[in-house]
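Shown next: structure-v3.txt, containing compact mmCIF, C-alpha atoms.
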```
# COMPACT_ATOMS: atom_id res chain seq x y z
CA MET A 1 92.89 79.24 150.16
CA LEU A 2 96.00 80.36 148.27
CA ALA A 3 98.27 78.57 150.77
CA THR A 4 96.31 75.36 150.14
CA LEU A 5 96.74 75.80 146.40
CA HIS A 6 100.46 76.48 146.84
CA SER A 7 100.91 73.21 148.73
CA ARG A 8 99.07 71.00 146.21
CA LYS A 9 101.91 69.42 144.27
CA GLY A 10 99.96 68.01 141.32
CA ALA A 11 98.00 71.22 140.80
CA GLN A 12 101.24 73.21 140.96
CA LEU A 13 102.93 71.07 138.30
CA LEU A 14 99.91 71.60 136.04
CA LEU A 15 99.92 75.35 136.75
CA GLY A 16 103.64 75.46 135.91
CA LEU A 17 102.96 73.68 132.63
CA GLY A 18 100.09 76.03 131.79
CA MET A 19 102.00 79.21 132.62
CA GLY A 20 104.98 77.90 130.66
CA PHE A 21 102.71 77.31 127.68
CA GLY A 22 101.53 80.92 127.84
CA PHE A 23 105.10 82.16 128.32
CA GLY A 24 106.38 80.20 125.31
CA PHE A 25 103.42 81.26 123.18
CA LEU A 26 104.00 84.95 123.98
CA LEU A 27 107.78 84.74 123.49
CA GLN A 28 107.29 83.12 120.08
CA LYS A 29 104.61 85.60 119.01
CA ALA A 30 106.88 88.47 120.04
CA GLY A 31 109.63 87.03 117.83
CA VAL A 32 112.20 86.70 120.61
CA THR A 33 112.63 82.94 120.16
CA THR A 34 114.35 83.81 116.87
CA TYR A 35 118.16 84.03 116.67
CA ASP A 36 118.14 87.00 114.29
CA VAL A 37 115.94 89.11 116.58
CA ILE A 38 118.10 88.49 119.67
CA VAL A 39 121.45 89.03 117.94
CA ARG A 40 120.18 92.16 116.18
CA GLN A 41 119.19 93.48 119.62
CA LEU A 42 122.75 92.91 120.88
CA LEU A 43 124.02 94.74 117.76
CA PHE A 44 121.52 97.62 118.41
CA LYS A 45 119.65 97.02 115.15
CA ASP A 46 116.34 95.77 116.55
CA PHE A 47 114.84 96.65 119.93
CA THR A 48 112.18 93.94 120.19
CA VAL A 49 113.94 92.12 123.06
CA LEU A 50 114.20 95.32 125.10
CA LYS A 51 110.56 96.24 124.40
CA VAL A 52 109.32 92.81 125.52
CA MET A 53 111.51 92.68 128.63
CA LEU A 54 110.80 96.23 129.79
CA SER A 55 107.04 96.04 129.25
CA ALA A 56 106.95 92.68 131.08
CA MET A 57 109.05 94.14 133.89
CA VAL A 58 106.91 97.24 134.50
CA THR A 59 103.63 95.28 134.24
CA GLY A 60 104.92 92.68 136.66
CA MET A 61 106.45 95.30 138.95
CA VAL A 62 103.17 97.14 139.42
CA GLY A 63 101.09 93.94 139.56
CA VAL A 64 103.25 92.03 142.01
CA HIS A 65 103.62 94.99 144.37
CA LEU A 66 99.85 95.55 144.27
CA LEU A 67 99.32 91.87 145.12
CA ARG A 68 101.88 92.19 147.88
CA GLY A 69 100.09 95.26 149.25
CA LEU A 70 96.88 93.23 149.34
CA GLY A 71 98.65 90.44 151.20
CA LEU A 72 98.26 88.04 148.27
CA ALA A 73 101.92 87.62 147.30
CA LYS A 74 105.34 87.41 148.91
CA LEU A 75 108.52 88.67 147.27
CA HIS A 76 111.32 86.21 146.51
CA PRO A 77 114.33 88.36 145.56
CA LYS A 78 117.39 86.31 144.63
CA PRO A 79 120.46 86.63 146.83
CA GLY A 80 123.61 87.94 145.18
CA SER A 81 127.27 88.61 145.77
CA ALA A 82 130.09 90.31 143.90
CA GLY A 83 131.74 86.90 143.42
CA SER A 84 128.68 85.20 141.95
CA THR A 85 126.45 87.80 140.30
CA VAL A 86 129.12 89.75 138.39
CA PRO A 87 131.38 87.04 136.88
CA GLY A 88 128.43 84.68 136.41
CA ALA A 89 126.47 87.31 134.50
CA LEU A 90 129.44 88.13 132.26
CA VAL A 91 130.04 84.45 131.40
CA PHE A 92 126.30 84.14 130.74
CA GLY A 93 126.51 87.20 128.49
CA ILE A 94 129.29 85.68 126.40
CA GLY A 95 127.08 82.63 125.94
CA PHE A 96 124.04 84.83 125.21
CA GLY A 97 125.92 86.70 122.46
CA THR A 98 127.53 83.68 120.80
CA LEU A 99 124.58 81.28 121.06
CA GLY A 100 122.05 84.00 120.28
CA TYR A 101 119.48 82.62 122.72
CA CYS A 102 119.01 82.58 126.50
CA PRO A 103 117.86 79.58 128.59
CA GLY A 104 114.15 80.33 128.05
CA THR A 105 114.25 81.43 124.42
CA VAL A 106 116.57 78.55 123.44
CA VAL A 107 113.79 76.15 124.46
CA GLY A 108 111.26 78.23 122.55
CA ALA A 109 113.56 78.18 119.52
CA VAL A 110 113.63 74.38 119.69
CA GLY A 111 109.83 74.52 119.71
CA GLN A 112 109.84 76.42 116.42
CA GLY A 113 112.30 73.99 114.80
CA ALA A 114 115.77 75.49 115.39
CA LEU A 115 118.20 72.57 115.45
CA ASP A 116 121.17 74.79 116.39
CA ALA A 117 119.18 75.68 119.51
CA LEU A 118 118.61 71.99 120.30
CA PHE A 119 121.97 70.38 119.54
CA GLY A 120 124.10 73.43 120.31
CA GLY A 121 122.17 75.52 122.83
CA VAL A 122 120.22 73.04 124.95
CA VAL A 123 122.97 70.38 124.90
CA GLY A 124 125.58 73.06 125.69
CA ALA A 125 123.53 74.58 128.53
CA LEU A 126 123.07 71.11 130.07
CA ILE A 127 126.84 70.52 129.88
CA GLY A 128 127.45 74.00 131.33
CA ALA A 129 125.05 73.40 134.23
CA ALA A 130 126.65 69.98 134.93
CA LEU A 131 130.12 71.56 134.86
CA PHE A 132 128.97 74.20 137.32
CA ALA A 133 127.53 71.52 139.61
CA ALA A 134 130.84 69.65 139.48
CA LEU A 135 132.91 72.77 140.21
CA TYR A 136 130.44 74.18 142.76
CA PRO A 137 132.27 73.01 145.93
CA ARG A 138 135.53 74.61 144.73
CA LEU A 139 133.86 77.82 143.49
CA ARG A 140 131.94 78.11 146.75
CA ALA A 141 135.17 77.84 148.71
CA CYS A 142 137.04 80.53 146.81
CA VAL A 143 134.72 83.01 145.08
CA LEU A 144 130.94 82.65 145.39
CA GLY A 145 130.57 84.28 148.80
CA LYS A 146 132.90 87.24 148.12
CA GLY A 147 131.13 90.57 148.61
CA ASP A 148 127.84 88.96 149.67
CA PHE A 149 124.91 91.39 149.79
CA GLY A 150 122.10 88.85 150.25
CA ASP A 151 118.58 89.24 148.89
CA LEU A 152 118.63 93.02 149.15
CA THR A 153 116.08 95.10 147.21
CA PHE A 154 116.42 98.75 146.16
CA PRO A 155 113.64 99.98 148.51
CA GLN A 156 115.53 98.31 151.38
CA LEU A 157 118.83 99.78 150.20
CA PHE A 158 117.42 103.32 150.00
CA ARG A 159 115.18 102.78 153.07
CA VAL A 160 112.07 104.04 151.27
CA PRO A 161 108.63 102.51 150.59
CA ALA A 162 108.62 100.33 147.44
CA TRP A 163 106.36 102.72 145.49
CA ARG A 164 108.93 105.51 145.85
CA VAL A 165 111.17 103.37 143.65
CA ILE A 166 108.47 101.82 141.42
CA VAL A 167 106.93 105.09 140.22
CA PRO A 168 110.22 106.64 138.97
CA VAL A 169 111.30 103.30 137.40
CA VAL A 170 107.97 102.93 135.56
CA LEU A 171 108.11 106.53 134.34
CA ALA A 172 111.72 106.12 133.17
CA VAL A 173 110.90 102.87 131.32
CA VAL A 174 107.81 104.36 129.65
CA GLY A 175 109.89 107.39 128.65
CA LEU A 176 112.66 105.18 127.24
CA LEU A 177 110.16 103.07 125.25
CA TYR A 178 108.48 106.22 123.95
CA TRP A 179 111.86 107.57 122.86
CA ILE A 180 112.68 104.24 121.14
CA GLU A 181 109.39 104.44 119.19
CA VAL A 182 109.85 108.11 118.27
CA SER A 183 113.40 107.41 117.07
CA GLY A 184 112.04 104.63 114.88
CA LEU A 185 114.29 102.01 116.49
CA MET B 1 108.14 101.67 105.91
CA ARG B 2 109.41 101.49 109.46
CA THR B 3 107.02 104.24 110.55
CA LEU B 4 104.21 102.32 108.93
CA ALA B 5 105.19 99.16 110.79
CA ILE B 6 105.29 100.98 114.10
CA ALA B 7 101.99 102.65 113.36
CA LEU B 8 100.50 99.25 112.58
CA ALA B 9 101.95 97.70 115.73
CA LEU B 10 100.70 100.56 117.87
CA GLY B 11 97.36 100.45 116.14
CA LEU B 12 96.99 96.73 116.63
CA SER B 13 97.99 96.90 120.27
CA MET B 14 95.52 99.69 120.90
CA SER B 15 92.75 97.95 119.01
CA TRP B 16 93.20 94.96 121.30
CA ALA B 17 93.56 96.96 124.44
CA SER B 18 90.38 98.82 123.73
CA PRO B 19 88.22 97.81 120.75
CA ALA B 20 86.10 100.90 121.27
CA LEU B 21 89.04 103.09 120.25
CA ALA B 22 88.94 101.68 116.73
CA LYS B 23 85.66 103.42 116.04
CA GLY B 24 86.96 106.83 117.01
CA ALA B 25 89.48 109.08 115.33
CA PRO B 26 92.94 107.66 114.73
CA PRO B 27 95.27 108.39 117.63
CA PRO B 28 97.88 111.05 117.03
CA GLY B 29 101.41 109.95 116.25
CA PRO B 30 104.41 110.85 118.39
CA ASP B 31 104.92 114.10 116.45
CA GLY B 32 101.28 115.09 116.72
CA GLN B 33 100.40 113.91 113.20
CA PRO B 34 97.66 111.35 112.80
CA LEU B 35 99.03 107.88 112.16
CA GLY B 36 97.13 107.64 108.91
CA GLU B 37 93.86 106.08 108.01
CA TRP B 38 92.64 103.47 110.42
CA VAL B 39 92.42 100.15 108.64
CA LEU B 40 90.97 97.21 110.47
CA PRO B 41 92.90 94.04 109.62
CA GLU B 42 91.41 91.46 107.30
CA PRO B 43 89.50 88.77 109.19
CA SER B 44 92.03 86.06 108.31
CA GLY B 45 95.12 88.16 108.90
CA GLY B 46 93.54 89.55 112.03
CA ASP B 47 93.19 86.20 113.76
CA PRO B 48 95.71 86.66 116.54
CA PHE B 49 96.54 82.96 116.76
CA THR B 50 97.60 82.61 113.13
CA MET B 51 99.47 85.92 113.07
CA ARG B 52 103.25 85.52 112.96
CA ARG B 53 104.02 88.51 115.16
CA TRP B 54 102.29 90.34 117.94
CA SER B 55 103.26 93.76 119.15
CA PRO B 56 106.21 93.33 121.56
CA TYR B 57 104.23 95.43 124.04
CA ILE B 58 101.21 93.10 123.95
CA ALA B 59 103.53 90.11 124.46
CA GLY B 60 105.49 91.92 127.17
CA VAL B 61 102.38 92.93 129.12
CA GLY B 62 101.12 89.34 128.78
CA ILE B 63 104.38 88.02 130.23
CA GLY B 64 104.12 90.56 133.05
CA VAL B 65 100.62 89.28 133.84
CA LEU B 66 101.97 85.70 133.84
CA CYS B 67 104.64 86.78 136.34
CA CYS B 68 101.88 88.11 138.62
CA LEU B 69 99.92 84.85 138.25
CA ALA B 70 103.05 82.86 139.17
CA PHE B 71 103.37 84.88 142.40
CA LEU B 72 99.66 84.67 143.16
CA LEU B 73 98.78 81.09 142.26
CA SER B 74 102.10 79.30 142.78
CA ASP B 75 104.17 81.55 145.09
CA LYS B 76 106.94 81.16 142.48
CA THR B 77 108.96 83.36 140.18
CA ILE B 78 109.19 82.64 136.47
CA GLY B 79 112.68 81.46 135.59
CA CYS B 80 114.26 78.85 133.35
CA SER B 81 117.82 78.00 134.30
CA THR B 82 117.34 75.75 137.34
CA ALA B 83 115.45 73.37 135.04
CA PHE B 84 118.73 72.94 133.14
CA ALA B 85 120.61 72.14 136.37
CA ARG B 86 117.94 69.62 137.44
CA SER B 87 117.88 68.01 133.97
CA ALA B 88 121.69 67.79 133.93
CA GLY B 89 121.49 65.97 137.26
CA MET B 90 118.84 63.58 135.91
CA ILE B 91 121.01 62.80 132.87
CA GLU B 92 124.13 62.36 135.03
CA ARG B 93 122.18 59.97 137.23
CA LEU B 94 121.65 57.70 134.20
CA PHE B 95 125.42 57.29 133.91
CA ARG B 96 126.68 57.64 137.46
CA GLY B 97 123.74 56.39 139.51
CA THR B 98 122.71 57.82 142.88
CA ARG B 99 126.20 59.23 143.59
CA VAL B 100 124.88 62.29 141.75
CA ASP B 101 122.47 63.01 144.60
CA GLU B 102 125.41 63.36 147.00
CA GLN B 103 126.89 66.29 145.04
CA PRO B 104 126.38 69.48 147.08
CA TYR B 105 124.88 71.37 144.14
CA TYR B 106 122.31 68.66 143.42
CA GLN B 107 121.36 68.59 147.09
CA GLN B 108 120.47 72.25 146.74
CA PHE B 109 118.80 71.79 143.31
CA LYS B 110 117.50 68.22 143.41
CA PRO B 111 117.38 66.46 140.05
CA VAL B 112 113.59 66.14 140.05
CA VAL B 113 110.69 67.49 138.01
CA ASP B 114 109.40 70.58 139.80
CA TRP B 115 107.21 73.60 138.99
CA GLU B 116 109.95 75.36 137.03
CA TRP B 117 110.83 72.21 135.07
CA MET B 118 107.18 71.97 134.02
CA LEU B 119 107.25 75.68 133.14
CA VAL B 120 110.12 75.04 130.71
CA LEU B 121 108.31 72.03 129.22
CA GLY B 122 105.24 74.24 128.79
CA LEU B 123 107.42 76.94 127.18
CA LEU B 124 108.56 74.39 124.57
CA LEU B 125 104.97 73.38 123.82
CA GLY B 126 103.70 76.97 123.77
CA ALA B 127 106.36 78.13 121.32
CA ALA B 128 105.74 75.05 119.18
CA ALA B 129 101.98 75.70 119.15
CA SER B 130 102.44 79.38 118.32
CA SER B 131 104.87 78.73 115.45
CA TRP B 132 102.80 75.83 114.14
CA LEU B 133 99.59 77.93 114.11
CA SER B 134 101.29 80.74 112.17
CA GLY B 135 103.04 78.38 109.79
CA GLU B 136 106.43 79.58 111.01
CA PHE B 137 107.54 76.17 112.30
CA ALA B 138 110.42 74.86 110.18
CA LEU B 139 113.33 72.58 110.98
CA HIS B 140 116.52 74.50 110.27
CA TRP B 141 120.18 74.34 111.30
CA VAL B 142 121.46 77.80 110.43
CA PRO B 143 119.60 81.05 111.22
CA PRO B 144 119.41 83.54 108.31
CA LEU B 145 121.61 86.22 109.92
CA TRP B 146 124.34 83.65 110.61
CA ALA B 147 124.07 82.22 107.08
CA ALA B 148 124.44 85.67 105.52
CA ARG B 149 127.62 86.44 107.45
CA ALA B 150 129.28 83.08 108.13
CA GLY B 151 127.86 80.78 105.47
CA ALA B 152 125.33 77.96 105.55
CA ASP B 153 127.67 75.29 106.96
CA PRO B 154 125.84 73.75 109.95
CA ALA B 155 129.09 72.54 111.58
CA ALA B 156 130.44 76.06 112.20
CA ARG B 157 127.12 77.25 113.61
CA TRP B 158 126.83 74.13 115.76
CA ALA B 159 130.33 74.56 117.22
CA VAL B 160 129.74 78.22 118.14
CA ALA B 161 126.26 77.43 119.49
CA LEU B 162 127.63 74.61 121.65
CA PHE B 163 130.34 76.92 123.04
CA GLY B 164 127.69 79.57 123.71
CA GLY B 165 125.36 77.04 125.31
CA ILE B 166 128.07 75.86 127.71
CA CYS B 167 128.82 79.47 128.77
CA LEU B 168 125.08 80.12 129.09
CA GLY B 169 124.42 77.11 131.33
CA PHE B 170 127.53 77.67 133.42
CA GLY B 171 127.03 81.43 133.74
CA ALA B 172 123.32 81.16 134.56
CA ARG B 173 124.00 78.86 137.50
CA TRP B 174 126.98 80.96 138.59
CA ALA B 175 124.88 84.14 138.57
CA GLY B 176 121.90 82.32 140.09
CA GLY B 177 119.46 83.07 137.27
CA CYS B 178 118.94 83.92 133.63
CA THR B 179 117.22 86.52 131.47
CA SER B 180 113.86 85.35 132.85
CA GLY B 181 114.68 84.69 136.51
CA HIS B 182 116.91 87.74 136.97
CA GLY B 183 116.01 89.75 133.84
CA ILE B 184 112.24 89.86 134.34
CA SER B 185 111.20 88.24 137.65
CA GLY B 186 114.14 89.66 139.60
CA THR B 187 114.13 93.18 138.19
CA LEU B 188 110.38 93.51 138.78
CA GLN B 189 110.98 92.74 142.47
CA LEU B 190 113.63 95.50 142.46
CA ALA B 191 116.25 92.98 143.60
CA VAL B 192 119.75 94.48 143.60
CA SER B 193 121.29 91.16 142.48
CA SER B 194 119.00 91.01 139.44
CA TRP B 195 119.69 94.56 138.23
CA ILE B 196 123.43 93.90 138.45
CA ALA B 197 123.00 90.52 136.72
CA VAL B 198 120.94 91.91 133.84
CA ALA B 199 123.54 94.62 133.25
CA GLY B 200 126.21 91.91 133.12
CA PHE B 201 124.13 89.76 130.74
CA PHE B 202 123.83 92.59 128.24
CA VAL B 203 127.42 93.86 128.62
CA GLY B 204 128.73 90.33 127.99
CA GLY B 205 126.19 89.71 125.23
CA ILE B 206 126.88 92.97 123.39
CA VAL B 207 130.66 92.49 123.60
CA ALA B 208 130.38 88.88 122.35
CA ALA B 209 127.96 89.72 119.52
CA VAL B 210 129.97 92.75 118.36
CA LEU B 211 133.24 90.78 118.50
CA LEU B 212 131.67 87.93 116.55
CA PHE B 213 129.86 89.97 113.91
CA ALA B 214 131.91 93.16 113.56
CA VAL B 215 135.42 91.83 114.22
CA ILE B 216 135.62 88.11 113.46
CA LEU B 217 133.01 87.87 110.70
CA GLY B 218 133.19 91.53 109.67
```

Produce structure tokens that represent the structure in this file.
Amino acid sequence: MLATLHSRKGAQLLLGLGMGFGFGFLLQKAGVTTYDVIVRQLLFKDFTVLKVMLSAMVTGMVGVHLLRGLGLAKLHPKPGSAGSTVPGALVFGIGFGTLGYCPGTVVGAVGQGALDALFGGVVGALIGAALFAALYPRLRACVLGKGDFGDLTFPQLFRVPAWRVIVPVVLAVVGLLYWIEVSGL
Amino acid sequence: MRTLAIALALGLSMSWASPALAKGAPPPGPDGQPLGEWVLPEPSGGDPFTMRRWSPYIAGVGIGVLCCLAFLLSDKTIGCSTAFARSAGMIERLFRGTRVDEQPYYQQFKPVVDWEWMLVLGLLLGAAASSWLSGEFALHWVPPLWAARAGADPAARWAVALFGGICLGFGARWAGGCTSGHGISGTLQLAVSSWIAVAGFFVGGIVAAVLLFAVILG
């Protein structure tokens, strides 16, 4: 039944739209579509971004692995390599810190009326993506495949069942969030 | 003041998670002290849809549930940056015609409307609806923090935002994902690539923000 749903193109586009609506609604209500909140996180003055990301991560981590255990979901870990993941993430970070939004929150910021997000962020990100597409053949030839480690996950790396990683990660995240609250951050 | 805000946020989140708790004794604070008298929010202020802010934990758990739904119902992971690559291809096609489709990158990420593109469209509408309901929607060029440190001139903010946007779009495609695709969907799958990427996002972001605010504008 799920496989049938997955293959229905029109239904999937509608589901994408609906989940995106929920995602945007929650991001806006959390305040993370706001420039000040994101930049103050990067300056360690506001921890809203971290709280949202970590609570989403642990909820999703437990939920998705439960679904997987029940045979209702398949994992899709992204492949990575030293030549793509590391430099790409650092360039992204420079953009993240100077723009003050990321690709999802910049769209949410446009939704709440931020014109710097529209004419700077969205236009810039489109130019950046087009530039990458244009340079892709050359980057692929010289750097992207360097130090390729594929779609490895930590349970595979440590050769342990997934829950042996999930439980400590969830406990560490809950502990960190508790400490953030106690410290009044 | 900050303690009060946290107490309120915790209180609100707990009152939603379990309405029955509200009738009982107030939960103890982190240091064992009660968090103060339990005050149920006013009916108008308590309407979640017109509230400006929800607890980041409520929103985060909600996003985590959405991630699970994406796996279950769509066999997809929530992410935003391929939509930018596909849209860039669609825009390039307007100027350069079907030659765009021959580019190796656009053969891998075809310039078409797909599930993730619709997700990003929905994100725009959801954030618009949320901000409109709470009365927060307002057209503005310069965010308050920027205005306080660098002045209210839109041109300076636009130039820096455009530079940042270009790095963001380029870096996201280089790293193969963004703060959603790697930062949430990837880390929750315990993908090695995503944990490395998210560390890089924040290292780069912190360095850029500190340089900009503490060194250049400081």

Residues near Phe202 in chain B, anyone? I mean within 10 Å using all atoms listed in the file, not counting same-chain ones fewer than 3 positions away, as a list in words.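 Listed by chain and then number, they are Gln41, Leu42, Ala89, Leu90, Phe92, Gly93, Ile94, Phe96 and Gly97 of chain A; Thr179, Ala197, Val198, Ala199, Gly205, Ile206, Val207 and Ala208 of chain B.
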
Among the residues B:Trp174, B:Gly151, B:Gly218, B:Trp141, the one that comes closest to Tyr35 in chain A [using all atoms listed in the file]: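 For Tyr35 in chain A, the nearest of the candidates is B:Trp141.
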
Have a look at B:Thr50, B:Gln107, B:Ser74, B:Thr82 and name the one nearest to chain A; count all atoms listed in the file.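 Of all the options, B:Ser74 lies closest to chain A.
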
Separation of CA of Ala73 in chain A from CA of Cys67 in chain B, in Å and rounded to one decimal: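 Interatomic distance here is 11.3 Å.
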
At most 10 Å from (117.5, 80.4, 130.7), file frame, only C-alpha atoms: which residues, as a list in words?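 Those within range, by chain then number, are Phe92, Phe96, Tyr101, Cys102, Pro103, Gly104, Thr105, Val106, Val107, Val122 and Ala125 of chain A; Gly79, Cys80, Ser81, Thr82, Ala83, Phe84, Val120, Leu168, Gly169, Ala172, Arg173, Gly177, Cys178, Thr179, Ser180, Gly181, His182 and Gly183 of chain B.
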
Val173 in chain A surroundings by only C-alpha atoms, 8 Å radius, close-in-sequence under 3 positions cut, as a list in words: Leu54, Val58, Val169, Val170, Leu176 and Leu177 of chain A

Put those residues in a file: C-alpha atoms, as a tab-separated table (two decimals), in the frame of the given file.
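Dumped to out14.tsv:
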```tsv
chain	number	residue	atom	x	y	z
A	54	LEU	CA	110.80	96.23	129.79
A	58	VAL	CA	106.91	97.24	134.50
A	169	VAL	CA	111.30	103.30	137.40
A	170	VAL	CA	107.97	102.93	135.56
A	176	LEU	CA	112.66	105.18	127.24
A	177	LEU	CA	110.16	103.07	125.25
```

Could you list, as a PyMOL selection string, every residue within 12 Å of Ile166 in chain A, counting all atoms listed in the file and ignoring same-chain residues fewer than 5 positions away? (chain A and resi 57-66+153-155+160-161+171-173) or (chain B and resi 187-191)

Write out the residues from the selection above, keeping C-alpha atoms, as a compact mmCIF listing (two decimals), in the coordinates of the input.
```
# COMPACT_ATOMS: atom_id res chain seq x y z
CA MET A 57 109.05 94.14 133.89
CA VAL A 58 106.91 97.24 134.50
CA THR A 59 103.63 95.28 134.24
CA GLY A 60 104.92 92.68 136.66
CA MET A 61 106.45 95.30 138.95
CA VAL A 62 103.17 97.14 139.42
CA GLY A 63 101.09 93.94 139.56
CA VAL A 64 103.25 92.03 142.01
CA HIS A 65 103.62 94.99 144.37
CA LEU A 66 99.85 95.55 144.27
CA THR A 153 116.08 95.10 147.21
CA PHE A 154 116.42 98.75 146.16
CA PRO A 155 113.64 99.98 148.51
CA VAL A 160 112.07 104.04 151.27
CA PRO A 161 108.63 102.51 150.59
CA LEU A 171 108.11 106.53 134.34
CA ALA A 172 111.72 106.12 133.17
CA VAL A 173 110.90 102.87 131.32
CA THR B 187 114.13 93.18 138.19
CA LEU B 188 110.38 93.51 138.78
CA GLN B 189 110.98 92.74 142.47
CA LEU B 190 113.63 95.50 142.46
CA ALA B 191 116.25 92.98 143.60
```

Report, in Å to a single decimal, how far apart CA of Phe47 in chain A and CA of Ile180 in chain A are.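 These two atoms are separated by 8.0 Å.
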
What is the CA of Val91 in chain A-CA of Val215 in chain B distance in Å, reported with one decimal?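 Rounded to one decimal, the two atoms are 19.5 Å apart.
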
Using all atoms listed in the file, which protein or nucleic acid residues come within 10 Å of Val112 in chain B? Drop anything in the same chain fewer than 3 positions from it, and give the result as a list of chain:residue names. B:Ala83, B:Ala85, B:Arg86, B:Ser87, B:Gly89, B:Met90, B:Tyr106, B:Phe109, B:Trp115, B:Trp117

Between B:Leu119, B:Arg53, B:Ala129, B:Ala161, which has the minimum distance to Val142 in chain B (counting only C-alpha atoms)?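 Using only C-alpha atoms, the shortest distance to Val142 in chain B belongs to B:Ala161.
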